[in-house]
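**Student:** Structure file input_4.pdb (PDB, C-alpha atoms) is given on the next line.
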```pdb
ATOM      1  CA  MET A   1      38.585 110.235  69.303
ATOM      2  CA  SER A   2      38.659 108.547  72.700
ATOM      3  CA  TYR A   3      39.087 111.734  74.704
ATOM      4  CA  THR A   4      37.069 114.698  75.907
ATOM      5  CA  ILE A   5      38.244 118.307  75.947
ATOM      6  CA  ILE A   6      37.325 120.356  79.022
ATOM      7  CA  ARG A   7      37.618 124.135  79.009
ATOM      8  CA  PRO A   8      37.075 125.380  82.591
ATOM      9  CA  LYS A   9      35.638 128.828  83.207
ATOM     10  CA  ASP A  10      38.586 129.859  85.397
ATOM     11  CA  ARG A  11      41.881 128.601  86.811
ATOM     12  CA  GLN A  12      40.298 127.431  90.063
ATOM     13  CA  GLU A  13      37.933 125.139  88.155
ATOM     14  CA  TRP A  14      40.891 123.921  86.078
ATOM     15  CA  LEU A  15      42.799 123.029  89.268
ATOM     16  CA  SER A  16      39.725 121.199  90.538
ATOM     17  CA  HIS A  17      39.542 119.109  87.348
ATOM     18  CA  ARG A  18      43.240 118.233  87.678
ATOM     19  CA  GLU A  19      42.535 116.691  91.091
ATOM     20  CA  GLY A  20      40.425 114.021  89.413
ATOM     21  CA  GLY A  21      43.351 112.133  87.928
ATOM     22  CA  ILE A  22      47.043 112.036  87.104
ATOM     23  CA  GLY A  23      48.435 114.986  85.173
ATOM     24  CA  SER A  24      51.464 114.936  82.909
ATOM     25  CA  SER A  25      53.645 116.786  85.430
ATOM     26  CA  GLU A  26      53.087 113.888  87.865
ATOM     27  CA  VAL A  27      53.993 111.012  85.533
ATOM     28  CA  GLY A  28      57.753 111.402  85.920
ATOM     29  CA  THR A  29      57.323 111.156  89.691
ATOM     30  CA  ILE A  30      55.291 107.940  89.447
ATOM     31  CA  LEU A  31      57.904 106.439  87.113
ATOM     32  CA  GLY A  32      60.749 107.395  89.461
ATOM     33  CA  LEU A  33      62.244 109.827  86.928
ATOM     34  CA  ASN A  34      61.648 113.122  88.761
ATOM     35  CA  PRO A  35      64.606 114.182  90.945
ATOM     36  CA  PHE A  36      62.425 116.732  92.780
ATOM     37  CA  ASP A  37      59.545 114.513  93.945
ATOM     38  CA  THR A  38      58.835 110.911  94.957
ATOM     39  CA  PRO A  39      55.843 108.556  94.600
ATOM     40  CA  LEU A  40      55.293 108.634  98.363
ATOM     41  CA  GLN A  41      55.262 112.432  98.501
ATOM     42  CA  LEU A  42      52.864 112.600  95.540
ATOM     43  CA  TRP A  43      50.640 109.943  97.134
ATOM     44  CA  ARG A  44      50.446 111.885 100.392
ATOM     45  CA  ARG A  45      49.283 114.980  98.490
ATOM     46  CA  LYS A  46      46.755 112.976  96.452
ATOM     47  CA  ARG A  47      45.357 111.420  99.646
ATOM     48  CA  HIS A  48      45.236 114.885 101.303
ATOM     49  CA  ILE A  49      47.608 113.784 104.049
ATOM     50  CA  ASP A  50      49.842 116.692 103.084
ATOM     51  CA  PRO A  51      48.642 119.976 101.544
ATOM     52  CA  PRO A  52      48.939 120.529  97.775
ATOM     53  CA  MET A  53      52.312 121.664  96.519
ATOM     54  CA  GLN A  54      52.376 125.434  96.861
ATOM     55  CA  GLU A  55      53.339 127.470  93.813
ATOM     56  CA  ASN A  56      56.701 129.082  94.583
ATOM     57  CA  GLU A  57      58.314 131.969  92.750
ATOM     58  CA  ALA A  58      60.164 129.690  90.317
ATOM     59  CA  MET A  59      56.945 127.849  89.433
ATOM     60  CA  LEU A  60      55.023 131.112  89.001
ATOM     61  CA  MET A  61      57.713 132.587  86.751
ATOM     62  CA  GLY A  62      57.800 129.364  84.734
ATOM     63  CA  HIS A  63      54.066 129.668  84.135
ATOM     64  CA  LEU A  64      54.311 133.359  83.204
ATOM     65  CA  LEU A  65      57.241 132.711  80.850
ATOM     66  CA  GLU A  66      55.446 129.968  78.911
ATOM     67  CA  ASP A  67      54.330 132.534  76.359
ATOM     68  CA  ALA A  68      57.882 133.872  75.951
ATOM     69  CA  VAL A  69      59.191 130.346  75.363
ATOM     70  CA  ALA A  70      56.375 129.663  72.867
ATOM     71  CA  GLN A  71      57.083 132.858  70.938
ATOM     72  CA  ARG A  72      60.820 132.142  70.837
ATOM     73  CA  TRP A  73      60.043 128.600  69.651
ATOM     74  CA  GLN A  74      57.918 129.993  66.805
ATOM     75  CA  ILE A  75      60.855 132.153  65.692
ATOM     76  CA  ALA A  76      63.223 129.167  65.827
ATOM     77  CA  THR A  77      60.983 126.713  63.974
ATOM     78  CA  GLY A  78      58.745 128.783  61.731
ATOM     79  CA  ARG A  79      55.726 126.885  63.021
ATOM     80  CA  THR A  80      52.530 128.477  64.339
ATOM     81  CA  ILE A  81      51.068 128.138  67.810
ATOM     82  CA  ILE A  82      47.320 127.484  67.905
ATOM     83  CA  LYS A  83      46.062 130.525  69.818
ATOM     84  CA  ARG A  84      43.221 128.746  71.596
ATOM     85  CA  SER A  85      45.703 126.379  73.239
ATOM     86  CA  ALA A  86      47.280 129.202  75.265
ATOM     87  CA  THR A  87      44.695 128.819  78.056
ATOM     88  CA  ASP A  88      43.996 126.475  80.967
ATOM     89  CA  TRP A  89      42.299 123.416  79.449
ATOM     90  CA  LEU A  90      42.333 119.633  79.780
ATOM     91  CA  ILE A  91      42.247 116.549  77.593
ATOM     92  CA  VAL A  92      40.655 113.604  79.447
ATOM     93  CA  ASN A  93      40.680 109.987  78.280
ATOM     94  CA  GLN A  94      37.104 108.679  78.067
ATOM     95  CA  ASP A  95      37.881 105.060  78.992
ATOM     96  CA  ARG A  96      40.279 105.912  81.813
ATOM     97  CA  PRO A  97      39.315 109.420  82.975
ATOM     98  CA  PHE A  98      42.210 109.521  85.453
ATOM     99  CA  LEU A  99      44.441 110.068  82.400
ATOM    100  CA  ARG A 100      44.229 113.807  81.932
ATOM    101  CA  VAL A 101      46.669 116.331  80.503
ATOM    102  CA  SER A 102      46.927 120.082  80.020
ATOM    103  CA  PRO A 103      49.380 120.846  77.190
ATOM    104  CA  ASP A 104      51.158 124.187  77.395
ATOM    105  CA  ARG A 105      50.563 124.813  73.706
ATOM    106  CA  THR A 106      49.551 122.987  70.546
ATOM    107  CA  PHE A 107      50.781 123.876  67.064
ATOM    108  CA  TRP A 108      50.414 123.021  63.390
ATOM    109  CA  VAL A 109      53.085 120.452  62.539
ATOM    110  CA  ASP A 110      52.962 121.305  58.834
ATOM    111  CA  PRO A 111      52.398 125.057  58.512
ATOM    112  CA  GLU A 112      51.287 124.554  54.897
ATOM    113  CA  GLY A 113      49.099 121.529  55.631
ATOM    114  CA  LYS A 114      45.450 121.251  56.563
ATOM    115  CA  GLN A 115      44.462 122.620  59.926
ATOM    116  CA  ASN A 116      42.943 119.410  61.297
ATOM    117  CA  GLU A 117      43.544 117.060  64.241
ATOM    118  CA  GLY A 118      46.056 114.994  62.280
ATOM    119  CA  ASN A 119      48.279 118.046  61.814
ATOM    120  CA  LYS A 120      48.498 119.016  65.491
ATOM    121  CA  GLY A 121      51.503 118.688  67.783
ATOM    122  CA  ILE A 122      52.215 119.568  71.421
ATOM    123  CA  LEU A 123      54.786 122.070  72.680
ATOM    124  CA  GLU A 124      55.909 121.703  76.285
ATOM    125  CA  CYS A 125      57.484 124.950  77.544
ATOM    126  CA  LYS A 126      60.173 124.882  80.231
ATOM    127  CA  THR A 127      62.141 127.488  82.178
ATOM    128  CA  THR A 128      65.243 126.231  83.963
ATOM    129  CA  MET A 129      68.331 127.298  85.876
ATOM    130  CA  TYR A 130      70.354 124.432  84.371
ATOM    131  CA  ASP A 131      72.148 124.002  81.071
ATOM    132  CA  ILE A 132      70.225 121.506  78.960
ATOM    133  CA  ASP A 133      71.914 119.175  76.491
ATOM    134  CA  PRO A 134      69.423 118.463  73.655
ATOM    135  CA  GLU A 135      70.893 114.953  73.417
ATOM    136  CA  ASP A 136      70.382 114.308  77.131
ATOM    137  CA  ILE A 137      67.139 116.006  78.151
ATOM    138  CA  PRO A 138      65.703 115.469  81.669
ATOM    139  CA  LEU A 139      63.819 112.170  81.720
ATOM    140  CA  HIS A 140      60.808 113.603  83.555
ATOM    141  CA  TRP A 141      60.431 116.158  80.738
ATOM    142  CA  PHE A 142      60.443 113.321  78.206
ATOM    143  CA  ALA A 143      57.875 111.348  80.225
ATOM    144  CA  GLN A 144      55.647 114.400  80.557
ATOM    145  CA  LEU A 145      55.546 115.043  76.816
ATOM    146  CA  GLN A 146      55.045 111.372  75.925
ATOM    147  CA  TYR A 147      52.083 111.162  78.308
ATOM    148  CA  GLN A 148      50.556 114.281  76.765
ATOM    149  CA  LEU A 149      50.983 112.972  73.222
ATOM    150  CA  GLY A 150      49.454 109.613  74.083
ATOM    151  CA  VAL A 151      46.400 110.982  75.871
ATOM    152  CA  ALA A 152      45.881 113.625  73.165
ATOM    153  CA  GLU A 153      46.399 111.002  70.412
ATOM    154  CA  MET A 154      49.090 113.047  68.657
ATOM    155  CA  GLU A 155      52.256 111.772  67.013
ATOM    156  CA  TYR A 156      54.588 114.753  67.240
ATOM    157  CA  GLY A 157      55.776 117.032  70.028
ATOM    158  CA  GLU A 158      58.536 119.451  70.917
ATOM    159  CA  LEU A 159      60.257 120.610  74.068
ATOM    160  CA  GLY A 160      61.242 124.264  74.235
ATOM    161  CA  TRP A 161      63.266 125.669  77.111
ATOM    162  CA  LEU A 162      64.675 128.937  78.322
ATOM    163  CA  CYS A 163      67.864 128.751  80.405
ATOM    164  CA  LEU A 164      67.695 131.830  82.633
ATOM    165  CA  PRO A 165      71.363 132.180  83.762
ATOM    166  CA  ARG A 166      72.670 132.104  80.181
ATOM    167  CA  ARG A 167      69.573 133.708  78.640
ATOM    168  CA  SER A 168      69.732 130.959  76.051
ATOM    169  CA  PHE A 169      66.988 129.048  74.262
ATOM    170  CA  GLY A 170      66.853 125.465  73.088
ATOM    171  CA  HIS A 171      64.314 123.089  71.635
ATOM    172  CA  LYS A 172      64.066 119.448  70.608
ATOM    173  CA  PRO A 173      61.544 117.572  68.449
ATOM    174  CA  ILE A 174      60.253 114.362  70.025
ATOM    175  CA  ALA A 175      58.140 111.767  68.237
ATOM    176  CA  PHE A 176      55.510 109.769  70.067
ATOM    177  CA  ASP A 177      56.856 106.527  71.544
ATOM    178  CA  ARG A 178      53.894 104.166  71.917
ATOM    179  CA  GLU A 179      55.831 101.505  73.829
ATOM    180  CA  PHE A 180      56.977 104.034  76.434
ATOM    181  CA  PHE A 181      53.479 105.507  76.686
ATOM    182  CA  GLU A 182      51.841 102.124  77.265
ATOM    183  CA  TRP A 183      54.366 101.304  79.986
ATOM    184  CA  ALA A 184      53.824 104.716  81.601
ATOM    185  CA  VAL A 185      50.043 104.282  81.517
ATOM    186  CA  SER A 186      50.296 100.855  83.155
ATOM    187  CA  GLU A 187      52.315 102.371  86.007
ATOM    188  CA  VAL A 188      49.954 105.353  86.287
ATOM    189  CA  GLU A 189      46.938 103.036  86.395
ATOM    190  CA  LYS A 190      48.481 100.953  89.194
ATOM    191  CA  PHE A 191      49.328 104.097  91.142
ATOM    192  CA  TRP A 192      45.838 105.553  90.723
ATOM    193  CA  ILE A 193      43.894 102.373  91.497
ATOM    194  CA  ASP A 194      46.127 100.696  94.084
ATOM    195  CA  ASN A 195      47.685 103.684  95.808
ATOM    196  CA  VAL A 196      45.399 106.700  95.412
ATOM    197  CA  GLN A 197      42.027 104.943  95.407
ATOM    198  CA  GLY A 198      43.075 101.816  97.293
ATOM    199  CA  GLY A 199      45.101 103.682  99.910
ATOM    200  CA  ILE A 200      48.218 101.503  99.619
ATOM    201  CA  GLU A 201      51.211 103.562 100.691
ATOM    202  CA  PRO A 202      54.164 103.529  98.241
ATOM    203  CA  LEU A 203      57.513 102.411  99.607
ATOM    204  CA  PRO A 204      60.012 105.143 100.532
ATOM    205  CA  THR A 205      62.723 105.840  97.970
ATOM    206  CA  CYS A 206      64.838 108.387  99.873
ATOM    207  CA  VAL A 207      65.628 109.491 103.431
ATOM    208  CA  GLU A 208      63.095 112.328 103.187
ATOM    209  CA  ASP A 209      60.409 109.703 102.526
ATOM    210  CA  VAL A 210      61.500 107.678 105.572
ATOM    211  CA  LEU A 211      61.223 110.770 107.788
ATOM    212  CA  LEU A 212      57.754 111.509 106.404
ATOM    213  CA  ARG A 213      56.634 108.026 107.463
ATOM    214  CA  ASN A 214      58.734 107.704 110.611
ATOM    215  CA  PRO A 215      59.736 111.065 112.104
ATOM    216  CA  LYS A 216      60.400 109.169 115.361
ATOM    217  CA  HIS A 217      62.157 105.837 115.835
ATOM    218  CA  THR A 218      60.418 102.778 117.286
ATOM    219  CA  ALA A 219      62.031 102.243 120.681
ATOM    220  CA  GLY A 220      63.725  98.868 121.057
ATOM    221  CA  LEU A 221      63.309  97.878 117.407
ATOM    222  CA  ILE A 222      66.528  96.747 115.699
ATOM    223  CA  VAL A 223      66.651  95.547 112.076
ATOM    224  CA  GLU A 224      69.234  93.117 110.712
ATOM    225  CA  ALA A 225      71.580  94.423 108.008
ATOM    226  CA  ASP A 226      72.233  92.566 104.799
ATOM    227  CA  PRO A 227      75.884  92.146 103.678
ATOM    228  CA  SER A 228      75.745  95.197 101.392
ATOM    229  CA  ILE A 229      74.781  97.477 104.292
ATOM    230  CA  VAL A 230      77.613  96.085 106.410
ATOM    231  CA  THR A 231      79.987  97.025 103.581
ATOM    232  CA  THR A 232      78.415 100.488 103.409
ATOM    233  CA  CYS A 233      78.901 100.969 107.177
ATOM    234  CA  GLU A 234      82.557 100.020 106.808
ATOM    235  CA  GLN A 235      82.894 102.414 103.892
ATOM    236  CA  LEU A 236      81.341 105.245 105.934
ATOM    237  CA  ARG A 237      83.703 104.513 108.836
ATOM    238  CA  ASP A 238      86.706 104.803 106.522
ATOM    239  CA  VAL A 239      85.387 107.988 104.915
ATOM    240  CA  LYS A 240      84.820 109.611 108.321
ATOM    241  CA  ALA A 241      88.396 108.705 109.318
ATOM    242  CA  LYS A 242      89.736 110.354 106.148
ATOM    243  CA  ILE A 243      87.650 113.455 106.806
ATOM    244  CA  LYS A 244      89.050 113.658 110.353
ATOM    245  CA  GLU A 245      92.591 113.464 108.979
ATOM    246  CA  LEU A 246      91.831 116.216 106.464
ATOM    247  CA  GLU A 247      90.187 118.395 109.135
ATOM    248  CA  ASP A 248      93.298 118.084 111.315
ATOM    249  CA  GLU A 249      95.524 118.932 108.350
ATOM    250  CA  LYS A 250      93.291 121.895 107.483
ATOM    251  CA  LYS A 251      93.496 123.238 111.044
ATOM    252  CA  GLU A 252      97.300 122.887 111.065
ATOM    253  CA  CYS A 253      97.615 124.829 107.792
ATOM    254  CA  GLU A 254      95.276 127.587 109.012
ATOM    255  CA  GLU A 255      97.214 127.958 112.276
ATOM    256  CA  LYS A 256     100.504 128.362 110.402
ATOM    257  CA  ILE A 257      99.081 131.002 108.060
ATOM    258  CA  LYS A 258      97.405 132.932 110.900
ATOM    259  CA  LEU A 259     100.706 133.046 112.824
ATOM    260  CA  SER A 260     102.326 134.596 109.739
ATOM    261  CA  ILE A 261      99.561 137.204 109.381
ATOM    262  CA  GLY A 262      99.773 138.269 113.010
ATOM    263  CA  GLU A 263      98.266 141.749 113.525
ATOM    264  CA  ALA A 264      97.827 142.365 109.785
ATOM    265  CA  GLU A 265      94.610 141.809 107.886
ATOM    266  CA  GLY A 266      96.145 139.582 105.246
ATOM    267  CA  ILE A 267      99.197 138.106 103.580
ATOM    268  CA  CYS A 268     100.348 138.398  99.971
ATOM    269  CA  ALA A 269     102.631 136.558  97.583
ATOM    270  CA  PRO A 270     106.383 137.387  97.673
ATOM    271  CA  GLY A 271     107.389 140.363  95.523
ATOM    272  CA  THR A 272     103.849 141.830  95.251
ATOM    273  CA  ILE A 273     103.694 143.912  98.464
ATOM    274  CA  GLY A 274     104.494 147.176  96.665
ATOM    275  CA  LEU A 275     102.170 146.692  93.712
ATOM    276  CA  ALA A 276      98.872 148.525  93.288
ATOM    277  CA  LYS A 277      97.099 145.171  93.566
ATOM    278  CA  PRO A 278      99.239 142.713  95.540
ATOM    279  CA  THR A 279      98.435 139.017  95.099
ATOM    280  CA  ILE A 280      96.509 138.252  98.279
ATOM    281  CA  LEU A 281      96.991 134.688  99.533
ATOM    282  CA  ALA A 282      94.741 134.851 102.587
ATOM    283  CA  THR A 283      93.051 137.321 104.943
ATOM    284  CA  TRP A 284      92.263 137.205 108.665
ATOM    285  CA  LYS A 285      89.875 140.017 109.501
ATOM    286  CA  ALA A 286      87.690 140.640 112.535
ATOM    287  CA  SER A 287      83.974 140.345 111.815
ATOM    288  CA  LYS A 288      81.572 143.143 112.693
ATOM    289  CA  ASP A 289      80.178 143.265 116.201
ATOM    290  CA  SER A 290      76.748 141.685 116.548
ATOM    291  CA  THR A 291      74.020 141.461 119.151
ATOM    292  CA  LYS A 292      72.422 138.292 120.510
ATOM    293  CA  PHE A 293      69.531 137.540 122.796
ATOM    294  CA  ASN A 294      70.667 136.498 126.268
ATOM    295  CA  GLU A 295      68.156 133.731 126.892
ATOM    296  CA  LYS A 296      69.565 132.695 130.269
ATOM    297  CA  ARG A 297      69.451 136.216 131.680
ATOM    298  CA  PHE A 298      65.905 136.728 130.402
ATOM    299  CA  ALA A 299      64.789 133.443 131.993
ATOM    300  CA  ASP A 300      66.387 134.429 135.338
ATOM    301  CA  GLU A 301      64.877 137.935 135.392
ATOM    302  CA  HIS A 302      61.464 137.147 133.838
ATOM    303  CA  PRO A 303      60.723 133.477 134.580
ATOM    304  CA  ASP A 304      56.925 133.682 134.092
ATOM    305  CA  LEU A 305      57.182 135.470 130.763
ATOM    306  CA  TYR A 306      59.922 133.075 129.642
ATOM    307  CA  LYS A 307      57.683 130.062 130.343
ATOM    308  CA  GLN A 308      54.792 131.697 128.477
ATOM    309  CA  TYR A 309      56.791 131.918 125.241
ATOM    310  CA  ARG A 310      58.553 128.559 125.383
ATOM    311  CA  GLU A 311      57.525 126.133 122.634
ATOM    312  CA  VAL A 312      58.206 122.430 122.287
ATOM    313  CA  LYS A 313      60.313 121.660 119.235
ATOM    314  CA  THR A 314      59.902 118.196 117.776
ATOM    315  CA  GLY A 315      63.156 116.295 118.020
ATOM    316  CA  GLY A 316      64.787 114.963 114.873
ATOM    317  CA  ARG A 317      66.374 111.568 114.331
ATOM    318  CA  LEU A 318      70.108 111.598 115.076
ATOM    319  CA  PHE A 319      72.240 109.204 113.018
ATOM    320  CA  LEU A 320      75.300 107.707 114.732
ATOM    321  CA  LEU A 321      77.704 105.181 113.252
ATOM    322  CA  LYS A 322      78.617 102.660 115.959
ATOM    323  CA  LEU A 323      80.935 100.466 113.882
ATOM    324  CA  LYS A 324      84.508 100.487 115.234
TER     325      LYS A 324
END
```
In structure tokens, how does this file's structure come out?

**Tutor:**
Amino acid sequence: MSYTIIRPKDRQEWLSHREGGIGSSEVGTILGLNPFDTPLQLWRRKRHIDPPMQENEAMLMGHLLEDAVAQRWQIATGRTIIKRSATDWLIVNQDRPFLRVSPDRTFWVDPEGKQNEGNKGILECKTTMYDIDPEDIPLHWFAQLQYQLGVAEMEYGELGWLCLPRRSFGHKPIAFDREFFEWAVSEVEKFWIDNVQGGIEPLPTCVEDVLLRNPKHTAGLIVEADPSIVTTCEQLRDVKAKIKELEDEKKECEEKIKLSIGEAEGICAPGTIGLAKPTILATWKASKDSTKFNEKRFADEHPDLYKQYREVKTGGRLFLLKLK
């Protein structure tokens, strides 16, 4: 074996060990397959420019529900989870120790076979709000499992997921893809050596990335557009014109309906006014009264106190299309 197994004494030590490399949940981001994170954002966390990603309620519930997903998977497949794998542990590559993974669970691939390393597989447990098509699984899930299998030197894995809105369960067997793993490792190695250790900042891949790097514009700096961006500006101009036309049409329709409602609270379809449940077409009701803070009056009557509690708010970047 070309890996070492680490079993930390507690979760804090486990988190500390994870900082020493690239975990499987980060691979999809490095490969550009994670719709919820970018290489630049990950790099900023790794370089301690930004704080670590805080565990939100969804992430906490996903962690707590791993055992439920694993148990449901056992019922669906008839396979057996290896009990010792249901803890916080790590598998670290000896030659490249920045390759480190923490499988959710391992299991015996052949329940009747020998209980040795060659008979082990990895189960990655997921909890999601989305419907998952087993034939079109999220690519960052696939990358995560492939990375785990490669580092752990296993040939067989499965994804198991619980869809919370539908209370449905699904799973999919996935064999180890060596070609994909080797490509992923090459990208991970470049990211770790060049970006994390070398300090080279990844290029932005979305507007959020641009704002992380450049929350303010550089005064006087103008960049030259390539032909594709000129076409995009023209497209945006035309789209905005269509939206304006639709907004005007929307306002005209609303005015006509409101005139018909008059003093009533709503309007119904013809012939349904006397029914127990008339077919309501639209309503126009007054909202409840509300209170608001009169900032101007407070500033006039208590100027010193008003100044004491004023705070400077960083201005954002305003986008304006100038193309006529």

**Student:** Once the PyMOL selection byres ((chain A and resi 122) around 8) is applied to the coordinates I shared, what remains selected? I want it as a list in words.

**Tutor:** Pro103, Asp104, Arg105, Thr106, Phe107, Lys120, Gly121, Leu123, Glu124, Leu145, Gln148, Leu149, Met154, Tyr156, Gly157 and Glu158 of chain A

**Student:** Which residues match the PyMOL selection byres ((chain A and resi 8-18) around 9) in the file above, as a ChimeraX atom specification?

**Tutor:** /A:6-7,19-23,88-90,100-102

**Student:** So what do you get for atom CA of A:Leu42 versus atom CA of A:Gly62, distance-wise?

**Tutor:**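 So the two atoms, atom CA of A:Leu42 and atom CA of A:Gly62, lie 20.5 Å apart.
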
**Student:** Any idea what the distance is between atom CA of A:Ile193 and atom CA of A:Leu212?

**Tutor:**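 For atom CA of A:Ile193 relative to atom CA of A:Leu212, the distance reads 22.3 Å.
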
**Student:** How would you write, as a PyMOL selection string, the residues chosen by the PyMOL selection byres ((chain A and resi 138-144) around 9) on this structure?

**Tutor:** chain A and resi 23-29+31-35+124+126+132-133+136-137+145-149+159+174+180-181+184

**Student:** Nearest residue to A:Lys216 out of A:Gly316, A:Asp304, A:Gln235, A:Glu245, using all atoms listed in the file?

**Tutor:**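 The answer is A:Gly316, which sits nearest to A:Lys216.
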
**Student:** Given 3 Å on each side, where is the centre and what are the edge lengths in Å to one decimal of the axis-aligned box enclosing the listed atoms of stretch 128-135 of chain A, as AutoDock Vina command-line options?

**Tutor:**
```
--center_x 68.7 --center_y 121.1 --center_z 79.6 --size_x 12.9 --size_y 18.3 --size_z 18.5
```

**Student:** So the first atom is atom CA of A:Arg237 and the second is atom CA of A:Leu323; what is the distance between them in Å, to one decimal place?

**Tutor:**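 Computed distance, atom CA of A:Arg237 to atom CA of A:Leu323, equals 7.0 Å.
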
**Student:** Under the rule that only C-alpha atoms are counted, which of A:His217, A:Ser168, A:Ile91, A:Met129 is the nearest residue to A:Leu318?

**Tutor:** A:His217

**Student:** Using all atoms listed in the file, which protein or nucleic acid residues come within 7 Å of stretch 67-81 of chain A? Drop anything in the same chain fewer than 6 positions from it, and give the result as a VMD selection string.

**Tutor:** chain A and resid 105 to 109 111 125 160 to 162

**Student:** Would you mind putting N, CA, C and O atoms back on stretch 76-88 of chain A and writing the result as a compact mmCIF listing (two decimals), keeping the file's coordinate frame?

**Tutor:**
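And here's selection-v4.txt as it stands now:
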```
# COMPACT_ATOMS: atom_id res chain seq x y z
N ALA A 76 62.19 130.17 66.13
CA ALA A 76 63.22 129.17 65.83
C ALA A 76 62.75 128.15 64.80
O ALA A 76 63.57 127.64 64.01
N THR A 77 61.47 127.81 64.81
CA THR A 77 60.98 126.71 63.97
C THR A 77 60.16 127.15 62.77
O THR A 77 60.00 126.39 61.83
N GLY A 78 59.61 128.33 62.83
CA GLY A 78 58.74 128.78 61.73
C GLY A 78 57.34 128.20 61.80
O GLY A 78 56.52 128.44 60.91
N ARG A 79 57.07 127.44 62.86
CA ARG A 79 55.73 126.88 63.02
C ARG A 79 54.82 127.87 63.76
O ARG A 79 55.29 128.84 64.35
N THR A 80 53.51 127.56 63.76
CA THR A 80 52.53 128.48 64.34
C THR A 80 51.81 127.84 65.52
O THR A 80 51.29 126.73 65.41
N ILE A 81 51.81 128.56 66.64
CA ILE A 81 51.07 128.14 67.81
C ILE A 81 49.57 128.32 67.56
O ILE A 81 49.14 129.32 66.97
N ILE A 82 48.77 127.36 67.99
CA ILE A 82 47.32 127.48 67.90
C ILE A 82 46.87 128.35 69.08
O ILE A 82 47.04 127.97 70.25
N LYS A 83 46.34 129.52 68.79
CA LYS A 83 46.06 130.52 69.82
C LYS A 83 45.16 130.01 70.93
O LYS A 83 45.35 130.32 72.10
N ARG A 84 44.17 129.19 70.59
CA ARG A 84 43.22 128.75 71.60
C ARG A 84 43.85 127.82 72.63
O ARG A 84 43.30 127.59 73.71
N SER A 85 45.04 127.29 72.31
CA SER A 85 45.70 126.38 73.24
C SER A 85 46.42 127.11 74.37
O SER A 85 46.85 126.48 75.34
N ALA A 86 46.56 128.43 74.26
CA ALA A 86 47.28 129.20 75.26
C ALA A 86 46.37 129.58 76.44
O ALA A 86 46.36 130.72 76.90
N THR A 87 45.59 128.61 76.92
CA THR A 87 44.70 128.82 78.06
C THR A 87 44.77 127.58 78.95
O THR A 87 45.44 126.60 78.62
N ASP A 88 44.07 127.64 80.08
CA ASP A 88 44.00 126.48 80.97
C ASP A 88 42.88 125.55 80.47
O ASP A 88 41.69 125.91 80.53
```
